[in-house]
Each structure stands twice: as C-alpha cells, then as structure tokens.
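Pasting structure.cif here (mmCIF, C-alpha atoms):
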```cif
data_coords
#
loop_
_atom_site.label_atom_id
_atom_site.label_comp_id
_atom_site.auth_asym_id
_atom_site.auth_seq_id
_atom_site.Cartn_x
_atom_site.Cartn_y
_atom_site.Cartn_z
CA MET G 3 -8.93 -21.13 -26.91
CA LYS G 4 -6.10 -19.16 -25.35
CA LEU G 5 -6.89 -16.60 -22.68
CA PRO G 6 -4.71 -13.55 -22.08
CA VAL G 7 -2.25 -14.30 -19.24
CA GLY G 8 -4.04 -12.10 -16.67
CA GLN G 9 -7.44 -13.68 -17.31
CA ALA G 10 -6.03 -17.20 -17.24
CA ILE G 11 -4.35 -16.53 -13.86
CA LEU G 12 -7.57 -15.10 -12.39
CA GLY G 13 -9.57 -18.03 -13.81
CA ALA G 14 -7.24 -20.53 -12.12
CA ASN G 15 -7.42 -18.49 -8.90
CA ASP G 16 -11.23 -18.59 -8.89
CA ARG G 17 -11.21 -22.37 -9.28
CA VAL G 18 -8.90 -22.80 -6.25
CA ALA G 19 -10.93 -20.21 -4.29
CA GLY G 20 -13.98 -22.38 -4.91
CA GLU G 21 -12.15 -25.40 -3.48
CA ASN G 22 -11.16 -23.34 -0.41
CA ARG G 23 -14.76 -22.16 0.00
CA ALA G 24 -16.03 -25.74 -0.13
CA ASP G 25 -13.53 -26.79 2.55
CA PHE G 26 -14.49 -23.84 4.76
CA ALA G 27 -18.19 -24.74 4.40
CA ARG G 28 -17.51 -28.41 5.23
CA GLY G 29 -15.60 -27.30 8.36
CA GLY G 30 -18.37 -24.87 9.36
CA VAL G 31 -15.88 -22.00 9.31
CA PHE G 32 -16.72 -18.37 8.48
CA VAL G 33 -13.81 -16.60 6.78
CA VAL G 34 -13.01 -12.88 6.79
CA ASN G 35 -10.38 -11.40 4.45
CA LEU G 36 -8.91 -8.30 6.17
CA MET G 37 -7.25 -5.88 3.76
CA SER G 38 -5.64 -2.43 3.91
CA ALA G 39 -2.59 -0.36 3.04
CA PRO G 40 0.56 -1.00 5.12
CA GLY G 41 0.24 0.66 8.50
CA SER G 42 -3.53 1.19 8.54
CA GLY G 43 -3.78 -0.97 11.64
CA LYS G 44 -4.95 -4.42 10.51
CA THR G 45 -2.85 -6.19 13.14
CA ALA G 46 -3.83 -3.80 15.94
CA ILE G 47 -7.50 -4.33 15.04
CA LEU G 48 -6.93 -8.07 15.01
CA GLU G 49 -5.27 -7.95 18.43
CA ARG G 50 -8.26 -6.22 19.98
CA THR G 51 -10.77 -8.32 18.02
CA LEU G 52 -9.13 -11.59 19.08
CA ALA G 53 -8.92 -10.43 22.70
CA ALA G 54 -12.70 -9.80 22.62
CA LEU G 55 -13.72 -12.94 20.68
CA ALA G 56 -11.24 -15.64 21.55
CA PRO G 57 -12.67 -16.54 24.96
CA GLN G 58 -16.10 -17.41 23.42
CA ARG G 59 -15.40 -18.15 19.75
CA ARG G 60 -12.94 -20.64 18.23
CA VAL G 61 -10.90 -18.30 16.04
CA GLY G 62 -7.92 -18.97 13.79
CA VAL G 63 -5.75 -16.54 11.84
CA ILE G 64 -3.84 -16.72 8.56
CA GLU G 65 -1.17 -14.02 8.46
CA GLY G 66 0.02 -12.80 5.06
CA ASP G 67 3.28 -10.87 4.86
CA VAL G 68 5.98 -10.39 2.27
CA GLN G 69 8.58 -11.34 4.89
CA GLY G 70 8.82 -12.17 8.57
CA ARG G 71 6.39 -13.26 11.27
CA LEU G 72 6.22 -10.08 13.37
CA ASP G 73 2.42 -9.85 13.14
CA ALA G 74 1.93 -13.52 13.99
CA GLU G 75 4.08 -13.03 17.09
CA ARG G 76 2.04 -9.96 18.10
CA LEU G 77 -1.20 -11.95 17.89
CA LEU G 78 0.15 -14.90 19.85
CA ARG G 79 0.99 -12.47 22.67
CA VAL G 80 -2.67 -11.39 23.08
CA ALA G 81 -4.64 -14.57 22.37
CA ASP G 82 -4.16 -18.31 22.47
CA VAL G 83 -5.30 -18.97 18.89
CA PRO G 84 -3.81 -20.94 15.98
CA VAL G 85 -1.91 -18.59 13.66
CA VAL G 86 -0.53 -19.75 10.31
CA GLN G 87 2.05 -17.53 8.61
CA ILE G 88 2.25 -17.15 4.82
CA ASN G 89 5.32 -15.33 3.51
CA THR G 90 5.03 -14.36 -0.15
CA ASP G 91 8.82 -13.91 -0.23
CA PRO G 92 10.59 -16.24 -0.85
CA VAL G 93 7.89 -18.87 -1.41
CA TYR G 94 5.62 -16.96 -3.83
CA GLY G 95 7.97 -14.55 -5.60
CA GLY G 96 7.38 -11.68 -3.15
CA GLU G 97 3.78 -11.25 -4.34
CA CYS G 98 1.96 -8.10 -3.16
CA HIS G 99 -1.25 -9.97 -2.26
CA LEU G 100 -2.55 -13.31 -1.09
CA ASP G 101 -4.21 -15.57 -3.64
CA ALA G 102 -6.36 -18.69 -3.33
CA ARG G 103 -3.43 -21.05 -3.93
CA MET G 104 -1.43 -19.57 -1.03
CA ILE G 105 -4.44 -20.00 1.29
CA ARG G 106 -4.86 -23.56 0.00
CA GLY G 107 -1.22 -24.27 0.86
CA ALA G 108 -1.78 -23.03 4.42
CA LEU G 109 -5.00 -24.98 5.12
CA PRO G 110 -3.36 -28.28 6.18
CA GLN G 111 -1.92 -26.35 9.15
CA LEU G 112 -5.39 -25.28 10.38
CA ALA G 113 -7.85 -27.73 11.97
CA LEU G 114 -10.97 -26.28 10.32
CA ASP G 115 -13.32 -28.64 12.18
CA ALA G 116 -12.14 -27.10 15.46
CA LEU G 117 -12.76 -23.48 14.35
CA ASP G 118 -15.77 -21.18 13.88
CA LEU G 119 -14.05 -18.17 12.40
CA VAL G 120 -10.84 -17.64 10.41
CA ILE G 121 -9.53 -14.13 9.86
CA VAL G 122 -7.02 -13.73 7.04
CA GLU G 123 -4.73 -10.70 7.32
CA ASN G 124 -3.74 -9.89 3.76
CA VAL G 125 -0.50 -8.23 2.60
CA GLY G 126 -0.55 -4.44 3.09
CA ASN G 127 -1.75 -3.17 -0.30
CA ILE G 128 -5.05 -1.70 -1.49
CA VAL G 129 -4.76 -2.53 -5.18
CA CYS G 130 -4.10 -6.22 -5.96
CA PRO G 131 -5.64 -8.01 -2.95
CA ALA G 132 -9.04 -6.72 -4.14
CA GLU G 133 -8.65 -8.73 -7.36
CA PHE G 134 -8.06 -12.13 -5.77
CA ASP G 135 -10.89 -14.20 -4.31
CA ILE G 136 -9.34 -16.45 -1.65
CA GLY G 137 -12.59 -18.26 -0.79
CA GLU G 138 -13.62 -15.84 1.97
CA ASP G 139 -17.18 -15.09 3.13
CA ARG G 140 -16.63 -11.38 3.80
CA ARG G 141 -14.07 -8.79 2.78
CA VAL G 142 -13.29 -6.15 5.38
CA MET G 143 -11.16 -3.15 4.49
CA VAL G 144 -9.31 -0.94 6.95
CA LEU G 145 -8.58 2.70 6.12
CA SER G 146 -6.93 4.93 8.70
CA VAL G 147 -7.82 8.59 9.14
CA THR G 148 -4.15 9.47 8.61
CA GLU G 149 -4.33 8.32 4.96
CA GLY G 150 -6.52 11.02 3.44
CA GLU G 151 -10.17 11.19 2.43
CA ASP G 152 -9.30 10.92 -1.27
CA LYS G 153 -8.46 7.21 -1.11
CA PRO G 154 -11.88 5.82 -2.20
CA LEU G 155 -11.65 7.91 -5.39
CA LYS G 156 -8.09 6.85 -6.17
CA TYR G 157 -8.35 3.14 -5.32
CA PRO G 158 -12.04 2.44 -5.98
CA LEU G 159 -11.96 -1.33 -6.58
CA MET G 160 -11.07 -2.21 -2.97
CA PHE G 161 -13.92 -0.03 -1.69
CA ARG G 162 -16.33 -1.64 -4.19
CA VAL G 163 -15.53 -5.23 -3.27
CA ALA G 164 -15.48 -4.62 0.50
CA ASP G 165 -18.41 -5.72 2.69
CA ALA G 166 -17.43 -3.40 5.55
CA LEU G 167 -14.97 -0.55 6.08
CA LEU G 168 -13.20 0.03 9.39
CA LEU G 169 -12.14 3.68 9.60
CA ASN G 170 -9.29 3.30 12.09
CA LYS G 171 -7.26 5.66 14.31
CA VAL G 172 -10.18 7.99 15.06
CA ASP G 173 -8.42 8.85 18.32
CA LEU G 174 -6.11 10.98 16.14
CA VAL G 175 -8.95 13.07 14.70
CA PRO G 176 -8.42 15.98 17.12
CA ALA G 177 -4.65 16.14 16.41
CA LEU G 178 -5.19 15.83 12.65
CA GLY G 179 -8.26 18.00 12.29
CA THR G 180 -9.74 15.21 10.17
CA ASP G 181 -13.12 15.74 8.51
CA LEU G 182 -14.76 12.33 8.98
CA ASP G 183 -17.76 13.46 6.90
CA ALA G 184 -15.43 13.91 3.91
CA TYR G 185 -14.27 10.30 4.32
CA ARG G 186 -17.87 9.08 4.53
CA ALA G 187 -18.93 11.14 1.51
CA ASN G 188 -16.14 9.77 -0.72
CA VAL G 189 -16.81 6.20 0.43
CA ALA G 190 -20.50 6.71 -0.43
CA ARG G 191 -19.61 8.00 -3.92
CA VAL G 192 -17.82 4.72 -4.68
CA ASN G 193 -19.97 2.26 -2.70
CA PRO G 194 -23.13 3.73 -1.11
CA GLN G 195 -24.04 0.39 0.54
CA LEU G 196 -20.73 -0.05 2.36
CA PRO G 197 -21.14 0.02 6.15
CA VAL G 198 -18.48 2.23 7.77
CA PHE G 199 -17.34 1.70 11.36
CA ALA G 200 -15.25 4.53 12.82
CA LEU G 201 -13.05 3.05 15.52
CA SER G 202 -9.69 3.14 17.23
CA ALA G 203 -7.63 0.00 17.80
CA ARG G 204 -5.62 2.01 20.31
CA THR G 205 -8.46 3.16 22.59
CA GLY G 206 -11.13 0.58 21.70
CA GLU G 207 -13.60 3.33 20.76
CA GLY G 208 -16.14 2.03 18.22
CA PHE G 209 -15.27 -1.67 18.62
CA ASP G 210 -18.69 -2.64 19.98
CA ALA G 211 -20.38 -1.77 16.67
CA TRP G 212 -17.75 -3.60 14.58
CA LEU G 213 -17.90 -6.72 16.77
CA ALA G 214 -21.72 -6.64 16.66
CA TRP G 215 -21.64 -6.46 12.84
CA LEU G 216 -19.17 -9.36 12.70
CA ALA G 217 -21.32 -11.43 15.07
CA ALA G 218 -24.42 -10.72 12.96
CA GLN G 219 -22.64 -11.94 9.78
CA THR G 220 -21.58 -15.21 11.32
CA ARG G 221 -24.83 -15.98 13.11
CA MET A 10 15.40 -20.33 -24.52
CA LYS A 11 12.14 -19.64 -22.69
CA LEU A 12 12.22 -17.49 -19.57
CA PRO A 13 9.63 -17.85 -16.80
CA VAL A 14 6.86 -15.25 -17.32
CA GLY A 15 7.98 -13.02 -14.44
CA GLN A 16 11.59 -12.86 -15.60
CA ALA A 17 10.60 -12.20 -19.21
CA ILE A 18 8.35 -9.30 -18.13
CA LEU A 19 11.11 -7.77 -15.98
CA GLY A 20 13.63 -8.25 -18.82
CA ALA A 21 11.37 -6.36 -21.24
CA ASN A 22 10.83 -3.66 -18.60
CA ASP A 23 14.58 -3.16 -18.12
CA ARG A 24 15.05 -2.72 -21.88
CA VAL A 25 12.38 0.03 -22.01
CA ALA A 26 13.78 1.60 -18.81
CA GLY A 27 17.13 1.85 -20.60
CA GLU A 28 15.46 3.68 -23.50
CA ASN A 29 13.80 6.08 -21.03
CA ARG A 30 17.13 6.65 -19.27
CA ALA A 31 18.83 7.48 -22.58
CA ASP A 32 16.08 9.99 -23.43
CA PHE A 33 16.34 11.60 -19.98
CA ALA A 34 20.14 11.90 -20.36
CA ARG A 35 19.79 13.44 -23.85
CA GLY A 36 17.33 15.99 -22.44
CA GLY A 37 19.60 16.76 -19.47
CA VAL A 38 16.81 15.76 -17.06
CA PHE A 39 17.34 14.27 -13.60
CA VAL A 40 14.53 11.88 -12.66
CA VAL A 41 13.29 10.97 -9.17
CA ASN A 42 10.89 8.06 -8.61
CA LEU A 43 8.83 8.86 -5.47
CA MET A 44 7.26 5.80 -3.86
CA SER A 45 5.24 4.99 -0.72
CA ALA A 46 2.14 3.34 0.65
CA PRO A 47 -1.18 5.10 -0.03
CA GLY A 48 -1.57 8.05 2.32
CA SER A 49 2.06 8.42 3.40
CA GLY A 50 2.11 11.93 1.98
CA LYS A 51 3.82 11.74 -1.43
CA THR A 52 1.59 14.42 -2.91
CA ALA A 53 1.84 16.72 0.11
CA ILE A 54 5.65 16.40 -0.04
CA LEU A 55 5.54 17.13 -3.77
CA GLU A 56 3.37 20.22 -3.20
CA ARG A 57 5.87 21.70 -0.77
CA THR A 58 8.88 20.57 -2.82
CA LEU A 59 7.50 22.13 -6.02
CA ALA A 60 6.62 25.34 -4.19
CA ALA A 61 10.26 25.58 -3.03
CA LEU A 62 11.92 24.52 -6.31
CA ALA A 63 9.69 25.68 -9.12
CA PRO A 64 10.69 29.34 -9.09
CA GLN A 65 14.37 28.44 -9.73
CA ARG A 66 14.33 24.97 -11.31
CA ARG A 67 12.45 23.75 -14.37
CA VAL A 68 10.49 20.87 -12.86
CA GLY A 69 7.98 18.48 -14.40
CA VAL A 70 5.85 15.80 -12.78
CA ILE A 71 4.49 12.44 -13.89
CA GLU A 72 1.56 11.41 -11.68
CA GLY A 73 0.76 7.72 -11.37
CA ASP A 74 -2.64 6.70 -10.02
CA VAL A 75 -4.96 3.77 -10.47
CA GLN A 76 -7.79 6.20 -11.26
CA GLY A 77 -8.49 9.92 -11.36
CA ARG A 78 -6.37 13.06 -11.49
CA LEU A 79 -6.89 14.42 -7.97
CA ASP A 80 -3.15 14.60 -7.24
CA ALA A 81 -2.35 16.30 -10.55
CA GLU A 82 -4.99 18.93 -9.76
CA ARG A 83 -3.51 19.48 -6.27
CA LEU A 84 -0.06 20.09 -7.75
CA LEU A 85 -1.33 22.49 -10.42
CA ARG A 86 -2.84 24.58 -7.63
CA VAL A 87 0.54 25.18 -5.96
CA ALA A 88 2.95 25.43 -8.89
CA ASP A 89 2.92 26.28 -12.57
CA VAL A 90 4.64 23.10 -13.77
CA PRO A 91 3.85 20.55 -16.48
CA VAL A 92 2.05 17.55 -14.95
CA VAL A 93 1.33 14.40 -16.96
CA GLN A 94 -1.21 11.95 -15.55
CA ILE A 95 -0.89 8.19 -15.96
CA ASN A 96 -3.93 6.12 -14.91
CA THR A 97 -3.19 2.41 -14.66
CA ASP A 98 -6.95 1.79 -14.80
CA PRO A 99 -8.34 1.47 -17.45
CA VAL A 100 -5.29 1.84 -19.72
CA TYR A 101 -2.93 -0.64 -18.03
CA GLY A 102 -5.25 -3.18 -16.39
CA GLY A 103 -5.37 -1.35 -13.04
CA GLU A 104 -1.71 -2.19 -12.32
CA CYS A 105 -0.48 -1.51 -8.77
CA HIS A 106 2.76 0.15 -9.92
CA LEU A 107 4.26 2.18 -12.74
CA ASP A 108 6.54 0.41 -15.20
CA ALA A 109 8.96 1.65 -17.83
CA ARG A 110 6.46 1.24 -20.68
CA MET A 111 3.89 3.50 -18.95
CA ILE A 112 6.55 6.18 -18.44
CA ARG A 113 7.58 5.77 -22.10
CA GLY A 114 3.96 6.31 -23.15
CA ALA A 115 3.83 9.56 -21.14
CA LEU A 116 7.12 11.06 -22.41
CA PRO A 117 5.74 12.61 -25.63
CA GLN A 118 3.65 14.89 -23.38
CA LEU A 119 6.74 16.26 -21.57
CA ALA A 120 9.21 18.64 -23.26
CA LEU A 121 12.35 17.10 -21.73
CA ASP A 122 14.65 19.71 -23.30
CA ALA A 123 12.84 22.40 -21.31
CA LEU A 124 13.18 20.61 -17.95
CA ASP A 125 15.94 20.00 -15.37
CA LEU A 126 14.10 17.69 -12.99
CA VAL A 127 11.19 15.27 -13.37
CA ILE A 128 9.57 13.79 -10.28
CA VAL A 129 7.47 10.68 -10.83
CA GLU A 130 4.83 10.01 -8.18
CA ASN A 131 4.29 6.26 -8.26
CA VAL A 132 1.09 4.38 -7.37
CA GLY A 133 0.62 4.02 -3.59
CA ASN A 134 2.15 0.61 -2.87
CA ILE A 135 5.39 -0.47 -1.19
CA VAL A 136 5.76 -3.89 -2.79
CA CYS A 137 5.65 -3.92 -6.60
CA PRO A 138 6.94 -0.42 -7.51
CA ALA A 139 10.30 -1.44 -6.00
CA GLU A 140 10.63 -4.18 -8.65
CA PHE A 141 10.21 -1.95 -11.71
CA ASP A 142 13.03 0.25 -13.01
CA ILE A 143 11.38 3.15 -14.88
CA GLY A 144 14.65 4.76 -15.98
CA GLU A 145 14.96 7.01 -12.93
CA ASP A 146 18.21 8.41 -11.43
CA ARG A 147 17.11 8.18 -7.79
CA ARG A 148 14.44 6.31 -5.87
CA VAL A 149 12.99 8.15 -2.91
CA MET A 150 10.68 6.38 -0.49
CA VAL A 151 8.23 8.05 1.88
CA LEU A 152 7.19 6.36 5.13
CA SER A 153 4.92 8.17 7.55
CA VAL A 154 5.29 7.89 11.32
CA THR A 155 1.66 6.74 11.52
CA GLU A 156 2.52 3.49 9.69
CA GLY A 157 4.58 1.67 12.32
CA GLU A 158 8.29 1.10 12.83
CA ASP A 159 8.01 -2.54 11.69
CA LYS A 160 7.61 -1.65 8.01
CA PRO A 161 11.30 -2.00 6.95
CA LEU A 162 11.29 -5.56 8.31
CA LYS A 163 8.03 -6.51 6.59
CA TYR A 164 8.62 -4.86 3.20
CA PRO A 165 12.43 -4.89 2.94
CA LEU A 166 12.88 -4.65 -0.84
CA MET A 167 11.59 -1.08 -1.10
CA PHE A 168 13.92 0.04 1.69
CA ARG A 169 16.84 -1.74 -0.01
CA VAL A 170 16.36 -0.16 -3.43
CA ALA A 171 15.69 3.35 -2.09
CA ASP A 172 18.35 6.07 -2.27
CA ALA A 173 16.69 8.21 0.41
CA LEU A 174 13.87 7.80 2.92
CA LEU A 175 11.57 10.65 3.87
CA LEU A 176 10.06 9.94 7.30
CA ASN A 177 6.94 12.08 7.01
CA LYS A 178 4.33 13.48 9.44
CA VAL A 179 6.81 14.03 12.29
CA ASP A 180 4.49 16.81 13.52
CA LEU A 181 2.29 13.93 14.80
CA VAL A 182 5.05 12.41 16.95
CA PRO A 183 3.80 14.05 20.18
CA ALA A 184 0.18 12.88 19.63
CA LEU A 185 1.31 9.38 18.64
CA GLY A 186 4.12 8.92 21.13
CA THR A 187 6.24 7.65 18.22
CA ASP A 188 9.73 6.34 18.91
CA LEU A 189 11.69 7.72 15.94
CA ASP A 190 14.81 5.83 17.05
CA ALA A 191 12.91 2.56 16.54
CA TYR A 192 12.14 3.61 12.96
CA ARG A 193 15.79 4.51 12.34
CA ALA A 194 17.03 1.26 13.90
CA ASN A 195 14.79 -0.92 11.70
CA VAL A 196 15.71 1.04 8.59
CA ALA A 197 19.39 0.55 9.44
CA ARG A 198 18.88 -3.22 9.86
CA VAL A 199 17.63 -3.45 6.25
CA ASN A 200 19.74 -0.72 4.59
CA PRO A 201 22.43 0.87 6.81
CA GLN A 202 23.48 3.31 4.04
CA LEU A 203 20.01 4.77 3.49
CA PRO A 204 19.84 8.48 4.38
CA VAL A 205 16.74 9.24 6.46
CA PHE A 206 15.13 12.70 6.51
CA ALA A 207 12.54 13.23 9.23
CA LEU A 208 10.15 15.92 8.02
CA SER A 209 6.57 17.15 7.94
CA ALA A 210 4.85 18.15 4.73
CA ARG A 211 2.26 19.90 6.88
CA THR A 212 4.58 22.18 8.86
CA GLY A 213 7.63 22.22 6.59
CA GLU A 214 9.88 20.99 9.42
CA GLY A 215 12.90 19.14 8.03
CA PHE A 216 12.41 20.22 4.41
CA ASP A 217 15.69 22.17 4.24
CA ALA A 218 17.74 18.98 4.67
CA TRP A 219 15.69 17.04 2.09
CA LEU A 220 15.89 19.87 -0.46
CA ALA A 221 19.64 20.21 0.14
CA TRP A 222 20.09 16.46 -0.46
CA LEU A 223 18.04 16.67 -3.65
CA ALA A 224 20.04 19.67 -4.87
CA ALA A 225 23.30 17.84 -4.15
CA GLN A 226 22.18 14.83 -6.22
CA THR A 227 21.29 16.90 -9.24
CA ARG A 228 24.33 19.19 -9.16
#
```
Written form, structure tokens:
Amino acid sequence: MKLPVGQAILGANDRVAGENRADFARGGVFVVNLMSAPGSGKTAILERTLAALAPQRRVGVIEGDVQGRLDAERLLRVADVPVVQINTDPVYGGECHLDARMIRGALPQLALDALDLVIVENVGNIVCPAEFDIGEDRRVMVLSVTEGEDKPLKYPLMFRVADALLLNKVDLVPALGTDLDAYRANVARVNPQLPVFALSARTGEGFDAWLAWLAAQTR
Amino acid sequence: MKLPVGQAILGANDRVAGENRADFARGGVFVVNLMSAPGSGKTAILERTLAALAPQRRVGVIEGDVQGRLDAERLLRVADVPVVQINTDPVYGGECHLDARMIRGALPQLALDALDLVIVENVGNIVCPAEFDIGEDRRVMVLSVTEGEDKPLKYPLMFRVADALLLNKVDLVPALGTDLDAYRANVARVNPQLPVFALSARTGEGFDAWLAWLAAQTR
C-alpha cells in the first residue's frame, strides 16, 4: 500500500516521536514543546522560567532555529543549564518546524538521566510545528497581545493541540488598548479547555501562575 | 532523472509561477506579495494602503489564510475592491504558505484586465513563503517592532528575497523602548540593499514614503 507523501512523512515522524518518548520516560524527563510565532517572546519566557526553576530543578533546553544560536546564547547568560542547538538550515533544508527526527539527532548531546525537565523551543511559526509530535509531554503555546485577538480563528490547529496558552506582553496592554477578554473569547471558541495564563516576560507579572501550572504537570 | 522531492516540488511551482506571471503581464497587472509573521500587521497595512490607493488605482487583493475570511471582511469594510480568499485548510492540506498553484486556482475569480495592482496577503509565516515564487513582481515583508531586532539573523531568507521591508508599529517605540537602529543594522547585515520603511498602520506615520515607493515601482 502506498500512502500519500504527507501521510507517509507524518507516519514516520510519529514512529520516531514514540522512540523519543520512550527515551524521555526511561530518563525520567518531562518534556515541554514551546511554540509560537516569531517574536511572541518564547526566549524571554524561557529566560525568566529558567531563572526561577534552574536552582531547584535539573532543566535542559533544546533550541530550534532556522539559523544561528542567538537564543541559546541568551539562555546561557541567565542560567547554567545544558542547551543543545538545532539549526534547520543548513542541516534540515531550512524547515519551518522541528520534527521528531531532529530531536532524536540532538538527544545524544543531552544527559537525560541527569535532567528532570527539558524545554524545547520550537522554530517561530504557528502552522507546521502543531502538526509534528516530537515526543513531548505537553505543548505550550505563546501568543503575544501585540499579535491580534483574531489569531485563534485564523490558526486554529495550534490552539487545539496546545495544553496551555501563555498570553505574553500584558505589560503593553495600556499602550495598546488591548481587549484581553476578546483574546480569551476567541481562544475559548477554538479550545474551551485550554488554560490561559496572561503574563509578561518583561515585568514577571503572571509568572507565578504559569510556574505553578508547570510544577503541577511534572509532579 | 529523478529529483529529490523538495526540488521537484519547487521546480513544478516555478513553472506555474511563470504561467501566473505571463497572465499578470498580459493583463497589465503589477503584483505585490506581502509577507510577515502572524500579527505583524499585514492586514492593517493593507487597509490603510487600499484606503489611500483605491480611489485612483484599480486594486485587487488575494487573501491567504489557513482558515476563515476575517481579513477579507476587514478589507471590504474599508475599500470597494475585489478580494479573493484562499484558505489553505481544508483545500490545500493546511499549508503554511501560498504557492503558485493556489494563486493560479484563484485567478479565474479576478478580472485582471480591469486591474492595475494586485496585492497578495500571504499566510502569516516568515519561513516557507520566502521559498515559493507565486509569479509576483515585488516581495514586501512586514516586521513589527514588537518582534525583536534579532529576526533578520534568525530568519535570513525572507529578508534576502524581499524587495522592501515595512517596519510596522513604530507608534509603540516609546512604550517598548525599541532601538530602531538595531533593527536597521541587523537588516543591513543580511541584505544591505533592502529599503526599510518605518511606519505605523495605526497612526499612518511613515505611509507617504511607502506609498511613494510603491507608486515608483509600478510606474
């Protein structure tokens, strides 16, 4: 039987994601896949999250970018944690997302037995990353209040597969005149169960609730 | 000779893009492909651009979205122009970009002979749309000042293929403390020839220069 190309690729991805998941379970590691559009603040959220967690928890990071290691360097400045960089260009044809095979290729560089939590920062994109299981335990999406409250309706898959939504940059609400209720209402139309944490990676507002949720997942 | 899948797909795309380009030339239509991350302000820029141009120029729009027709409805509220909606989901497998074949499928709904300018609003994504020629004359990228000055270094292809960059939301510079020179310096590292127009779709600041550039291209 021949599958259409897209289905065959996703089938192969799911098999490798299963292998990743088995390795994470063996290592006792909880894995979070952090996804958003470019510039929503994934790295800034990671900086503040690592600064809060790293003293107590053994955290590692996998950084996904098309090119460069700017984000990895930012993280290493705030926390003494292992960070593995994946560049989709040139190694993986400049892909717009991480897939299970890329994560698998990065695993030998992470000592899973010595970690409790791995956070994967995906490539900035809210379409394709939602389609690729990488073997994670939870999918966390970031949406910033500068992006517009219509995003759940225009890119619904990411909001459907997410386990939590971080609504970032709420410190800008006064300058923007943002209607946070409109964001919440559109999120609820697409995924009524999705927990939404309004926060600011700049000021730290709202981080307690997000960190408490994360701690509850990994308990 | 067998080409790798990726190359074969791009080869087929370029052939269809050539057919689109020939049709646009026959109709005397200048075509702009407008690309950015989700929430950078493509639609807001289009609203203000159409409001300025539509009285004098015969403008049409092709709207690309994964789902829905929210943007098309926004545009129809500000200008009496033909707007054709392309949804990549469900018709095109939820693709994260427009390609030449999707544009070709939309052309029968646009009377090219009755138009001077067609603006294509691509799907919100700054990776894949840069790889797909749709038959356009110019590629215009939007980057908002809320997204971070590191973006040219992390997603260089889009900045390399663009013919102009609209640096949007400059009305937020005071609230954000944005260093616009840092944006310009990183853009110049990736594409020194790229003209950059700092503007705000909210206030209209900077639109004169962008509209003058656009008029000069289509003269």
### Task
Could you state which residues are captured by the PyMOL selection byres ((chain A) within 7 of (chain G)) in this file, as a ChimeraX atom specification?
/A:46-49,74-77,105,134,136-137,155-157,163-164,184
Evaluate the PyMOL selection byres ((chain G and resi 138) around 7) and report residues as a compact mmCIF listing (two decimals) with C-alpha atoms, keeping the file's coordinate frame:
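As written to disk, result_18.txt reads:
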```txt
# COMPACT_ATOMS: atom_id res chain seq x y z
CA ARG G 23 -14.76 -22.16 0.00
CA VAL G 33 -13.81 -16.60 6.78
CA VAL G 34 -13.01 -12.88 6.79
CA ASN G 35 -10.38 -11.40 4.45
CA ILE G 136 -9.34 -16.45 -1.65
CA GLY G 137 -12.59 -18.26 -0.79
CA ASP G 139 -17.18 -15.09 3.13
CA ARG G 140 -16.63 -11.38 3.80
```
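The spacing separating atom CA of Arg66 of chain A from atom CA of Val151 of chain A amounts to 22.3 Å.
For the pair atom CA of Leu223 of chain A and atom CA of Ala115 of chain A, the separation is 23.6 Å.
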Assuming the chain letters and numbering stay as they are in my file, what does the PyMOL selection byres ((chain A and resi 195-212) around 9) actually select? List them as a PyMOL selection string. chain A and resi 50-51+53-58+158-162+165-166+168-181+189-194+213-216+218-219
Would you pick out the contacts of Ile112 of chain A at 10 Å or less, using only C-alpha atoms, so that residues sharing its chain but fewer than 5 positions from it are not included, and give the list as a PDB file with C-alpha atoms, keeping the file's coordinate frame?
```
ATOM      1  CA  VAL A  25      12.380   0.030 -22.010  1.00  0.00           C
ATOM      2  CA  ALA A  26      13.780   1.600 -18.810  1.00  0.00           C
ATOM      3  CA  ASN A  29      13.800   6.080 -21.030  1.00  0.00           C
ATOM      4  CA  ILE A  71       4.490  12.440 -13.890  1.00  0.00           C
ATOM      5  CA  GLU A  72       1.560  11.410 -11.680  1.00  0.00           C
ATOM      6  CA  GLY A  73       0.760   7.720 -11.370  1.00  0.00           C
ATOM      7  CA  VAL A  93       1.330  14.400 -16.960  1.00  0.00           C
ATOM      8  CA  ILE A  95      -0.890   8.190 -15.960  1.00  0.00           C
ATOM      9  CA  LEU A 107       4.260   2.180 -12.740  1.00  0.00           C
ATOM     10  CA  PRO A 117       5.740  12.610 -25.630  1.00  0.00           C
ATOM     11  CA  VAL A 129       7.470  10.680 -10.830  1.00  0.00           C
ATOM     12  CA  ILE A 143      11.380   3.150 -14.880  1.00  0.00           C
ATOM     13  CA  GLY A 144      14.650   4.760 -15.980  1.00  0.00           C
TER      14      GLY A 144
END
```
Close residues, Gln226 of chain A itself excluded, 9 Å, only C-alpha atoms, min 4 positions apart in chain, as a PyMOL selection string: chain A and resi 39+147+221-222
